[in-house]
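Have a look at the structure below before the remarks.
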Amino acid sequence: MASGFQTLPGFRDFAPSDCLLRNYLFETWRSVARRYGFSEYETPLLEPTDLYLKKSGDELPTQLFRFPDQGERDVTLRPEVTASLARLAAAEQRNYPKPLKWFEIGQCFRYEKPQKGRTREFYQFNTDILGDDSPAADAELIALAIDTMRALGFGPADFQVRLSDRQVWQAFAEQKGLDESQLATLLAIIDKKDKVPEEKTATALAEISLVPSDLSDLFENPDNASPRLTEVLTNLETRGLGDYLTVDLSIVRGLAYYTGIVFEVFDTSRSLRAVAGGGRYDTLVSTLTDGKTDLPAIGFAIGDVVIGHFIEETTPAKLQFEQWKQNQATCDLYLVIDNEDLRPDALKLAQQLRDAGIRIDFPLTKTKFDKQLKAASATRAPYALILGQDFPELKLRHLSTRSNETIRANADLISTIQSKLENPEGGLLA
RNA sequence: GUGGCCGUAGCUCAGUUGGUAGAGCCCCUGAUUGUGGUUCAGGUUGUCGCGGGUUCGAGUCCCGUCGGUCGCCCCA
């Protein structure tokens, strides 16, 4: 502040302590994706602006980080990865067996007004299944979404996946003789119906020649409304994930490119904006490739910002994260150099231990003994190795139990330490 | 794009009816315990967001501006 520079609005510095949350999320996301047999990919952060203009059907998106580059190209920091993925998948799909199960973790940028749960730069976990238009693929992806939440420590009392199917409204519109723009109006009304007074909803419906009771039949019998939705539900219930699901046909997910099943992850207390969302987009790849590649797809994305708040507000999830942090030691073994004459021996030892893959830290300059032990415990390392006057006899100190044992700096030292690190004696938890 | 609230040391903040700045925490040093999360002592940093105005005098009042935050619109 006083030093002049600060981050741009909506952008964040990640101090080491902030990186802990980020790494925790990334680690968890990756492990869930791999459990589901997904492969990781990545695409550029900077893309030609046309990629996004074309995707949104020439509807000019307003919230882009868009500028001309030095070569006068109209470029944009990616606001999402789905468009890039569609391009990549179209180009590469012949090289991979179907379905493609791909995921990506990366930054996106949107020029929006920052507020709680919304920044101008954020990380997103994107998962997509391409080349399979079955309800089973829908269920597989939604299961992954649910397990992503479960892996972070959330239970069915904390969050719900609200499921819908845009085909329901499409069919409804056809039946009622609504045209394309009237359908869009209808979806907007449905999307807002819980926020707006009933009279307003009725008035808005009247403008497209509908009455509220036209909708209530569908809301009350969602099972009948969409056989596909029922099939997806059955699939997920068979997996034992039924407790996490709520059918809610009012979920329509913006107006972009979704063509079928859509879903959102909500916190049950509803104190946050949607935590995650996704849906089926069977025509996007075709649109972006001018019809050359037809690849049905369903995708899901979750950002780091809202989920961060959600973890903070949910006790079990927060405790799980705290526990994970406890185990993030920055080194395995701290060398305590009690006598500066032994520094050359300590340096040799440090190098050997590091070559063996053991994480080593030690004081870079002459430091008092008690300071060294303090530094050692600050690293959360399980052990300190004390080089003292009895060298080459060493003391291995168990930092959690505050007990010492004597070991010798001989050829077996490294393997001795390795086996101790692999089989810790006694609890490491306080 | 629009509205409310806020902007004082690295962090959290206090600053009484306007008189040229404080506390706690953190960090660092020292002492003590000569192998650690204690205690004690000491120390660093502020053009009080920025610009202008009122006043003998403004962190304290007024205007503007920038920034932060929360909400609305929007949310791929």
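Residue numbering restarts at 1 in every chain; chains get A, B, ... in the order shown in the structure tokens, and ligands count up from 1 in that same order.
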
Using only C-alpha atoms (C1' of nucleotides), what table do you get, as JSON lines, when you list each residue of chain A with an atom no more than 7 Å from chain B, its nearest pair of atoms, and their distance in Å rounded to one decimal, rows by chain then rising number?
```
{"residue": "A:Glu80", "atom": "CA", "partner": "B:A76", "partner_atom": "C1'", "distance": 6.5}
{"residue": "A:Ala256", "atom": "CA", "partner": "B:A76", "partner_atom": "C1'", "distance": 6.7}
{"residue": "A:Asp370", "atom": "CA", "partner": "B:G36", "partner_atom": "C1'", "distance": 6.0}
{"residue": "A:Leu373", "atom": "CA", "partner": "B:G36", "partner_atom": "C1'", "distance": 4.8}
{"residue": "A:Lys374", "atom": "CA", "partner": "B:G36", "partner_atom": "C1'", "distance": 4.8}
```

Resulting file, chosen residues, C-alpha atoms, as an mmCIF file, in the first residue's frame:
```
data_model
loop_
_atom_site.group_PDB
_atom_site.id
_atom_site.type_symbol
_atom_site.label_atom_id
_atom_site.label_comp_id
_atom_site.auth_asym_id
_atom_site.auth_seq_id
_atom_site.Cartn_x
_atom_site.Cartn_y
_atom_site.Cartn_z
ATOM 1 C CA GLU A 80 -13.532 -20.223 -19.750
ATOM 2 C CA ALA A 256 -25.464 -20.191 -23.625
ATOM 3 C CA ASP A 370 17.677 -23.148 20.710
ATOM 4 C CA LEU A 373 15.344 -26.235 17.348
ATOM 5 C CA LYS A 374 12.687 -23.582 17.002
#
```

Considering only C-alpha atoms (C1' of nucleotides), return as a PyMOL selection string whatever protein or nucleic-acid residues lie within 8 Å of A:Ile129, sequence-local ones (same chain, fewer than 6 positions apart) excluded.
chain A and resi 99-102+137+141+297-299

Could you dump the residues just selected with N, CA, C and O atoms as an mmCIF file, in the first residue's frame?
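Heads up, here's the output in part_32.cif:
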```cif
data_model
loop_
_atom_site.group_PDB
_atom_site.id
_atom_site.type_symbol
_atom_site.label_atom_id
_atom_site.label_comp_id
_atom_site.auth_asym_id
_atom_site.auth_seq_id
_atom_site.Cartn_x
_atom_site.Cartn_y
_atom_site.Cartn_z
ATOM 1 N N PRO A 99 -15.303 -42.863 -25.132
ATOM 2 C CA PRO A 99 -15.404 -41.400 -25.047
ATOM 3 C C PRO A 99 -14.116 -40.774 -24.531
ATOM 4 O O PRO A 99 -13.342 -41.411 -23.829
ATOM 5 N N LEU A 100 -13.940 -39.512 -24.882
ATOM 6 C CA LEU A 100 -12.843 -38.742 -24.305
ATOM 7 C C LEU A 100 -13.272 -38.326 -22.894
ATOM 8 O O LEU A 100 -14.336 -37.745 -22.710
ATOM 9 N N LYS A 101 -12.433 -38.647 -21.911
ATOM 10 C CA LYS A 101 -12.710 -38.169 -20.549
ATOM 11 C C LYS A 101 -11.530 -37.303 -20.161
ATOM 12 O O LYS A 101 -10.472 -37.805 -19.806
ATOM 13 N N TRP A 102 -11.720 -36.006 -20.269
ATOM 14 C CA TRP A 102 -10.596 -35.075 -20.137
ATOM 15 C C TRP A 102 -10.847 -34.074 -19.018
ATOM 16 O O TRP A 102 -11.977 -33.627 -18.807
ATOM 17 N N ALA A 137 -23.335 -41.297 -19.660
ATOM 18 C CA ALA A 137 -22.243 -40.320 -19.618
ATOM 19 C C ALA A 137 -22.626 -39.144 -18.727
ATOM 20 O O ALA A 137 -21.805 -38.638 -17.953
ATOM 21 N N LEU A 141 -20.496 -38.139 -15.274
ATOM 22 C CA LEU A 141 -19.932 -36.821 -15.015
ATOM 23 C C LEU A 141 -20.518 -36.200 -13.743
ATOM 24 O O LEU A 141 -19.815 -35.554 -12.966
ATOM 25 N N ALA A 297 -21.174 -33.738 -26.068
ATOM 26 C CA ALA A 297 -20.331 -33.578 -24.885
ATOM 27 C C ALA A 297 -21.142 -33.143 -23.680
ATOM 28 O O ALA A 297 -22.213 -32.537 -23.796
ATOM 29 N N ILE A 298 -20.587 -33.470 -22.517
ATOM 30 C CA ILE A 298 -21.144 -32.938 -21.279
ATOM 31 C C ILE A 298 -19.973 -32.527 -20.398
ATOM 32 O O ILE A 298 -18.936 -33.209 -20.372
ATOM 33 N N GLY A 299 -20.114 -31.391 -19.727
ATOM 34 C CA GLY A 299 -18.993 -30.873 -18.947
ATOM 35 C C GLY A 299 -19.452 -30.295 -17.623
ATOM 36 O O GLY A 299 -20.644 -30.072 -17.392
#
```

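Straight-line separation from atom CA of A:Thr28 to atom CA of A:Leu85: 21.8 Å.
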
List the neighbours of stretch 410-415 of chain A out to 8 Å using only C-alpha atoms (C1' of nucleotides); skip same-chain residues closer than 2 positions along the sequence, and give me the result as a PyMOL selection string.
chain A and resi 352-353+356+392+407-408+417-419

Using DSSP on the backbone, list every residue of stretch 76-161 of chain A that comes out as strand (DSSP E or B), and give them as a PyMOL selection string.
chain A and resi 76-77+100-109+115+118+121-130+159-161

Where in stretch 39-79 of chain A does DSSP assign alpha helix (DSSP H), given as a PyMOL selection string?
chain A and resi 50-55

Please, could you write that set of residues out with N, CA, C and O atoms as a PDB file, in the first residue's frame?
```pdb
ATOM      1  N   ASP A  50     -12.132 -14.065 -31.503  1.00  0.00           N
ATOM      2  CA  ASP A  50     -13.178 -14.696 -32.324  1.00  0.00           C
ATOM      3  C   ASP A  50     -13.666 -16.017 -31.754  1.00  0.00           C
ATOM      4  O   ASP A  50     -14.822 -16.381 -31.931  1.00  0.00           O
ATOM      5  N   LEU A  51     -12.768 -16.719 -31.058  1.00  0.00           N
ATOM      6  CA  LEU A  51     -13.157 -18.013 -30.492  1.00  0.00           C
ATOM      7  C   LEU A  51     -14.384 -17.853 -29.596  1.00  0.00           C
ATOM      8  O   LEU A  51     -15.272 -18.699 -29.591  1.00  0.00           O
ATOM      9  N   TYR A  52     -14.407 -16.767 -28.848  1.00  0.00           N
ATOM     10  CA  TYR A  52     -15.520 -16.565 -27.924  1.00  0.00           C
ATOM     11  C   TYR A  52     -16.709 -15.894 -28.593  1.00  0.00           C
ATOM     12  O   TYR A  52     -17.854 -16.118 -28.209  1.00  0.00           O
ATOM     13  N   LEU A  53     -16.424 -15.078 -29.597  1.00  0.00           N
ATOM     14  CA  LEU A  53     -17.530 -14.436 -30.308  1.00  0.00           C
ATOM     15  C   LEU A  53     -18.326 -15.475 -31.089  1.00  0.00           C
ATOM     16  O   LEU A  53     -19.550 -15.480 -31.092  1.00  0.00           O
ATOM     17  N   LYS A  54     -17.594 -16.387 -31.717  1.00  0.00           N
ATOM     18  CA  LYS A  54     -18.258 -17.394 -32.528  1.00  0.00           C
ATOM     19  C   LYS A  54     -19.082 -18.334 -31.664  1.00  0.00           C
ATOM     20  O   LYS A  54     -20.213 -18.683 -31.987  1.00  0.00           O
ATOM     21  N   LYS A  55     -18.498 -18.709 -30.543  1.00  0.00           N
ATOM     22  CA  LYS A  55     -19.153 -19.657 -29.665  1.00  0.00           C
ATOM     23  C   LYS A  55     -20.478 -19.124 -29.143  1.00  0.00           C
ATOM     24  O   LYS A  55     -21.473 -19.834 -29.058  1.00  0.00           O
TER      25      LYS A  55
END
```

What's around B:C40 at 12 Å? Count only C-alpha atoms (C1' of nucleotides), leave out sequence neighbours fewer than 5 positions away in its own chain, and write the answer as a list in words.
G30, A31 and U32 of chain B
